[in-house]
$ cat data.pdb   # PDB, C-alpha atoms and all ligand atoms
ATOM      1  CA  MET A1077     -83.234-167.750  93.803  1.00  0.00           C
ATOM      2  CA  PRO A1078     -80.256-169.817  94.933  1.00  0.00           C
ATOM      3  CA  ASP A1079     -81.230-172.370  97.547  1.00  0.00           C
ATOM      4  CA  ARG A1080     -78.043-171.857  99.510  1.00  0.00           C
ATOM      5  CA  ILE A1081     -75.351-169.287  99.972  1.00  0.00           C
ATOM      6  CA  ILE A1082     -71.805-170.315  99.131  1.00  0.00           C
ATOM      7  CA  THR A1083     -69.595-169.202 101.953  1.00  0.00           C
ATOM      8  CA  CYS A1084     -65.957-168.186 101.914  1.00  0.00           C
ATOM      9  CA  ARG A1085     -63.515-171.115 102.227  1.00  0.00           C
ATOM     10  CA  VAL A1086     -60.847-169.195 104.101  1.00  0.00           C
ATOM     11  CA  LEU A1087     -59.990-170.340 107.616  1.00  0.00           C
ATOM     12  CA  SER A1088     -59.117-167.916 110.348  1.00  0.00           C
ATOM     13  CA  GLY A1089     -56.031-168.300 112.491  1.00  0.00           C
ATOM     14  CA  ARG A1090     -57.955-170.456 114.931  1.00  0.00           C
ATOM     15  CA  GLY A1091     -59.326-172.741 112.244  1.00  0.00           C
ATOM     16  CA  ASN A1092     -62.812-171.244 112.121  1.00  0.00           C
ATOM     17  CA  GLN A1093     -64.193-170.942 108.630  1.00  0.00           C
ATOM     18  CA  CYS A1094     -65.019-167.460 107.413  1.00  0.00           C
ATOM     19  CA  THR A1095     -68.773-166.847 107.248  1.00  0.00           C
ATOM     20  CA  GLY A1096     -68.531-164.281 104.455  1.00  0.00           C
ATOM     21  CA  GLU A1097     -70.404-164.884 101.234  1.00  0.00           C
ATOM     22  CA  ALA A1098     -68.316-165.927  98.232  1.00  0.00           C
ATOM     23  CA  VAL A1099     -67.962-163.200  95.609  1.00  0.00           C
ATOM     24  CA  ASP A1100     -68.563-165.702  92.792  1.00  0.00           C
ATOM     25  CA  PRO A1101     -70.274-168.955  93.815  1.00  0.00           C
ATOM     26  CA  ASN A1102     -69.429-170.485  90.433  1.00  0.00           C
ATOM     27  CA  ALA A1103     -65.719-169.725  90.536  1.00  0.00           C
ATOM     28  CA  ASP A1104     -63.132-172.309  91.577  1.00  0.00           C
ATOM     29  CA  LEU A1105     -62.038-169.926  94.283  1.00  0.00           C
ATOM     30  CA  LYS A1106     -64.769-169.575  96.879  1.00  0.00           C
ATOM     31  CA  ILE A1107     -63.722-166.439  98.695  1.00  0.00           C
ATOM     32  CA  CYS A1108     -65.456-163.415 100.182  1.00  0.00           C
ATOM     33  CA  ALA A1109     -64.728-159.825  99.183  1.00  0.00           C
ATOM     34  CA  ARG A1110     -62.763-159.143 102.368  1.00  0.00           C
ATOM     35  CA  HIS A1111     -60.453-162.087 101.871  1.00  0.00           C
ATOM     36  CA  LEU A1112     -60.159-161.367  98.155  1.00  0.00           C
ATOM     37  CA  ALA A1113     -58.819-157.928  99.071  1.00  0.00           C
ATOM     38  CA  GLU A1114     -56.484-159.551 101.588  1.00  0.00           C
ATOM     39  CA  ALA A1115     -55.236-161.959  98.915  1.00  0.00           C
ATOM     40  CA  GLN A1116     -54.602-159.070  96.515  1.00  0.00           C
ATOM     41  CA  ARG A1117     -52.587-157.339  99.217  1.00  0.00           C
ATOM     42  CA  LEU A1118     -50.493-160.473  99.772  1.00  0.00           C
ATOM     43  CA  VAL A1119     -49.830-160.834  96.053  1.00  0.00           C
ATOM     44  CA  HIS A1120     -48.835-157.185  95.844  1.00  0.00           C
ATOM     45  CA  GLU A1121     -46.416-157.598  98.753  1.00  0.00           C
ATOM     46  CA  ALA A1122     -44.954-160.774  97.265  1.00  0.00           C
ATOM     47  CA  PHE A1123     -44.272-158.971  93.984  1.00  0.00           C
ATOM     48  CA  GLN A1124     -42.573-156.150  95.834  1.00  0.00           C
ATOM     49  CA  ARG A1125     -40.411-158.630  97.758  1.00  0.00           C
ATOM     50  CA  ALA A1126     -39.439-160.380  94.529  1.00  0.00           C
ATOM     51  CA  ARG A1127     -38.520-157.068  92.906  1.00  0.00           C
ATOM     52  CA  ARG A1128     -36.374-156.135  95.898  1.00  0.00           C
ATOM     53  CA  GLN A1129     -34.504-159.455  95.693  1.00  0.00           C
ATOM     54  CA  GLU A1130     -33.840-158.971  91.991  1.00  0.00           C
ATOM     55  CA  SER A1131     -32.224-155.593  92.547  1.00  0.00           C
ATOM     56  CA  SER A1132     -29.914-156.730  95.355  1.00  0.00           C
TER      57      SER A1132
HETATM   58 ZN    ZN B   1     -63.677-164.700 103.933  1.00  0.00          ZN
END

$ encode --input "data.pdb" --output "C-alpha cells" --more "lines below"
Ligand SMILES: [Zn+2]
Amino acid sequence: MPDRIITCRVLSGRGNQCTGEAVDPNADLKICARHLAEAQRLVHEAFQRARRQESS
C-alpha cells in the first residue's frame, strides 16, 4: 500500500491546487484524470489552430 496519495499539480484559476489524485504517481507529470482530459483538449485545439494558420 502506498503511504501517501500523489495529488494533481495543477493550480486552479485562484491558485488553489487541485485535490485530484494523479493518474500515474511515478510519471513526471503529476496530473489527475480530469486535468489530463483538459490538457488533451487544449492540445487538440492548438493543433486545429495551427492547421488553420497553415491554410490561410
Ligand atoms: Zn487536477

$ residues_near_ligand --input "data.pdb" --ligand "ligand ZN 1 (chain B)" --cutoff "6 Å" --atoms "only C-alpha atoms and all ligand atoms" --output "ChimeraX atom specification"
/A:1084,1086,1094,1096,1107-1108,1110-1111

$ closest_residue --input "data.pdb" --among "A:Ser1131, A:Asn1092, A:Thr1083, A:Val1099" --to "Leu1112 (chain A)" --atoms "only C-alpha atoms"
A:Val1099

$ closest_residue --input "data.pdb" --among "A:Arg1085, A:Arg1080, A:Arg1090, A:Arg1127" --to "Ala1109 (chain A)" --atoms "only C-alpha atoms"
A:Arg1085

$ closest_residue --input "data.pdb" --among "A:Glu1130, A:Leu1118, A:Gly1091, A:Ile1082" --to "Lys1106 (chain A)" --atoms "all atoms listed in the file"
A:Ile1082

$ atom_distance --input "data.pdb" --atom1 "CA of Glu1114 (chain A)" --atom2 "CA of Leu1087 (chain A)"
12.8 Å

$ atom_distance --input "data.pdb" --atom1 "CA of Pro1101 (chain A)" --atom2 "CA of Val1119 (chain A)"
22.1 Å

$ decode --input "data.pdb" --residues "region 1087-1126 of chain A" --atoms "N, CA and C atoms" --output "mmCIF file, in the first residue's frame"
data_model
loop_
_atom_site.group_PDB
_atom_site.id
_atom_site.type_symbol
_atom_site.label_atom_id
_atom_site.label_comp_id
_atom_site.auth_asym_id
_atom_site.auth_seq_id
_atom_site.Cartn_x
_atom_site.Cartn_y
_atom_site.Cartn_z
ATOM 1 N N LEU A 1087 -2.910 23.978 -10.772
ATOM 2 C CA LEU A 1087 -3.499 25.029 -9.955
ATOM 3 C C LEU A 1087 -4.757 25.554 -10.625
ATOM 4 N N SER A 1088 -5.738 25.853 -9.817
ATOM 5 C CA SER A 1088 -6.950 26.454 -10.359
ATOM 6 C C SER A 1088 -6.694 27.929 -10.647
ATOM 7 N N GLY A 1089 -7.696 28.586 -11.188
ATOM 8 C CA GLY A 1089 -7.559 29.998 -11.514
ATOM 9 C C GLY A 1089 -7.216 30.847 -10.309
ATOM 10 N N ARG A 1090 -7.652 30.445 -9.146
ATOM 11 C CA ARG A 1090 -7.401 31.224 -7.940
ATOM 12 C C ARG A 1090 -6.147 30.784 -7.212
ATOM 13 N N GLY A 1091 -5.400 29.877 -7.809
ATOM 14 C CA GLY A 1091 -4.139 29.457 -7.196
ATOM 15 C C GLY A 1091 -4.274 28.321 -6.210
ATOM 16 N N ASN A 1092 -5.470 27.728 -6.121
ATOM 17 C CA ASN A 1092 -5.634 26.562 -5.247
ATOM 18 C C ASN A 1092 -5.213 25.308 -5.990
ATOM 19 N N GLN A 1093 -4.453 24.462 -5.338
ATOM 20 C CA GLN A 1093 -4.013 23.248 -6.003
ATOM 21 C C GLN A 1093 -5.156 22.260 -6.110
ATOM 22 N N CYS A 1094 -5.222 21.589 -7.250
ATOM 23 C CA CYS A 1094 -6.226 20.556 -7.468
ATOM 24 C C CYS A 1094 -6.014 19.423 -6.473
ATOM 25 N N THR A 1095 -7.107 18.877 -5.948
ATOM 26 C CA THR A 1095 -7.005 17.808 -4.953
ATOM 27 C C THR A 1095 -7.190 16.432 -5.574
ATOM 28 N N GLY A 1096 -7.301 16.393 -6.909
ATOM 29 C CA GLY A 1096 -7.463 15.112 -7.592
ATOM 30 C C GLY A 1096 -6.222 14.239 -7.443
ATOM 31 N N GLU A 1097 -6.427 12.950 -7.564
ATOM 32 C CA GLU A 1097 -5.311 12.014 -7.451
ATOM 33 C C GLU A 1097 -4.624 11.858 -8.797
ATOM 34 N N ALA A 1098 -3.285 11.894 -8.792
ATOM 35 C CA ALA A 1098 -2.531 11.766 -10.032
ATOM 36 C C ALA A 1098 -2.794 10.413 -10.682
ATOM 37 N N VAL A 1099 -2.945 10.433 -12.010
ATOM 38 C CA VAL A 1099 -3.205 9.192 -12.746
ATOM 39 C C VAL A 1099 -2.044 8.224 -12.573
ATOM 40 N N ASP A 1100 -0.808 8.742 -12.717
ATOM 41 C CA ASP A 1100 0.386 7.915 -12.556
ATOM 42 C C ASP A 1100 1.354 8.605 -11.593
ATOM 43 N N PRO A 1101 1.418 8.132 -10.363
ATOM 44 C CA PRO A 1101 2.270 8.766 -9.350
ATOM 45 C C PRO A 1101 3.751 8.715 -9.706
ATOM 46 N N ASN A 1102 4.131 7.812 -10.593
ATOM 47 C CA ASN A 1102 5.540 7.661 -10.956
ATOM 48 C C ASN A 1102 5.921 8.474 -12.182
ATOM 49 N N ALA A 1103 4.953 9.031 -12.856
ATOM 50 C CA ALA A 1103 5.235 9.805 -14.064
ATOM 51 C C ALA A 1103 5.775 11.184 -13.704
ATOM 52 N N ASP A 1104 6.503 11.796 -14.633
ATOM 53 C CA ASP A 1104 6.996 13.157 -14.416
ATOM 54 C C ASP A 1104 5.836 14.127 -14.272
ATOM 55 N N LEU A 1105 4.787 13.857 -15.011
ATOM 56 C CA LEU A 1105 3.615 14.721 -14.982
ATOM 57 C C LEU A 1105 2.614 14.213 -13.950
ATOM 58 N N LYS A 1106 2.518 14.943 -12.849
ATOM 59 C CA LYS A 1106 1.566 14.559 -11.804
ATOM 60 C C LYS A 1106 0.261 15.295 -12.083
ATOM 61 N N ILE A 1107 -0.684 14.560 -12.639
ATOM 62 C CA ILE A 1107 -1.920 15.210 -13.090
ATOM 63 C C ILE A 1107 -3.089 14.236 -12.958
ATOM 64 N N CYS A 1108 -4.242 14.768 -12.559
ATOM 65 C CA CYS A 1108 -5.404 13.909 -12.365
ATOM 66 C C CYS A 1108 -6.098 13.642 -13.709
ATOM 67 N N ALA A 1109 -7.005 12.705 -13.714
ATOM 68 C CA ALA A 1109 -7.675 12.314 -14.956
ATOM 69 C C ALA A 1109 -8.451 13.477 -15.563
ATOM 70 N N ARG A 1110 -9.069 14.292 -14.714
ATOM 71 C CA ARG A 1110 -9.861 15.416 -15.219
ATOM 72 C C ARG A 1110 -8.963 16.425 -15.932
ATOM 73 N N HIS A 1111 -7.840 16.737 -15.328
ATOM 74 C CA HIS A 1111 -6.953 17.710 -15.942
ATOM 75 C C HIS A 1111 -6.196 17.116 -17.129
ATOM 76 N N LEU A 1112 -5.986 15.805 -17.109
ATOM 77 C CA LEU A 1112 -5.375 15.155 -18.265
ATOM 78 C C LEU A 1112 -6.295 15.293 -19.477
ATOM 79 N N ALA A 1113 -7.586 15.102 -19.259
ATOM 80 C CA ALA A 1113 -8.561 15.280 -20.337
ATOM 81 C C ALA A 1113 -8.578 16.726 -20.808
ATOM 82 N N GLU A 1114 -8.488 17.650 -19.859
ATOM 83 C CA GLU A 1114 -8.453 19.073 -20.203
ATOM 84 C C GLU A 1114 -7.210 19.381 -21.039
ATOM 85 N N ALA A 1115 -6.079 18.812 -20.658
ATOM 86 C CA ALA A 1115 -4.837 19.037 -21.395
ATOM 87 C C ALA A 1115 -4.951 18.489 -22.819
ATOM 88 N N GLN A 1116 -5.571 17.315 -22.959
ATOM 89 C CA GLN A 1116 -5.743 16.727 -24.284
ATOM 90 C C GLN A 1116 -6.614 17.625 -25.155
ATOM 91 N N ARG A 1117 -7.625 18.228 -24.537
ATOM 92 C CA ARG A 1117 -8.499 19.132 -25.272
ATOM 93 C C ARG A 1117 -7.711 20.360 -25.748
ATOM 94 N N LEU A 1118 -6.858 20.896 -24.878
ATOM 95 C CA LEU A 1118 -6.061 22.061 -25.242
ATOM 96 C C LEU A 1118 -5.101 21.742 -26.381
ATOM 97 N N VAL A 1119 -4.486 20.565 -26.318
ATOM 98 C CA VAL A 1119 -3.566 20.160 -27.379
ATOM 99 C C VAL A 1119 -4.316 20.030 -28.696
ATOM 100 N N HIS A 1120 -5.493 19.408 -28.617
ATOM 101 C CA HIS A 1120 -6.311 19.236 -29.819
ATOM 102 C C HIS A 1120 -6.651 20.590 -30.432
ATOM 103 N N GLU A 1121 -7.050 21.540 -29.600
ATOM 104 C CA GLU A 1121 -7.404 22.872 -30.087
ATOM 105 C C GLU A 1121 -6.194 23.580 -30.676
ATOM 106 N N ALA A 1122 -5.042 23.413 -30.045
ATOM 107 C CA ALA A 1122 -3.822 24.058 -30.539
ATOM 108 C C ALA A 1122 -3.451 23.515 -31.915
ATOM 109 N N PHE A 1123 -3.612 22.213 -32.107
ATOM 110 C CA PHE A 1123 -3.335 21.617 -33.417
ATOM 111 C C PHE A 1123 -4.275 22.162 -34.477
ATOM 112 N N GLN A 1124 -5.540 22.309 -34.086
ATOM 113 C CA GLN A 1124 -6.519 22.831 -35.046
ATOM 114 C C GLN A 1124 -6.204 24.271 -35.412
ATOM 115 N N ARG A 1125 -5.785 25.069 -34.426
ATOM 116 C CA ARG A 1125 -5.392 26.455 -34.695
ATOM 117 C C ARG A 1125 -4.216 26.500 -35.659
ATOM 118 N N ALA A 1126 -3.227 25.650 -35.397
ATOM 119 C CA ALA A 1126 -2.019 25.618 -36.228
ATOM 120 C C ALA A 1126 -2.373 25.239 -37.661
#
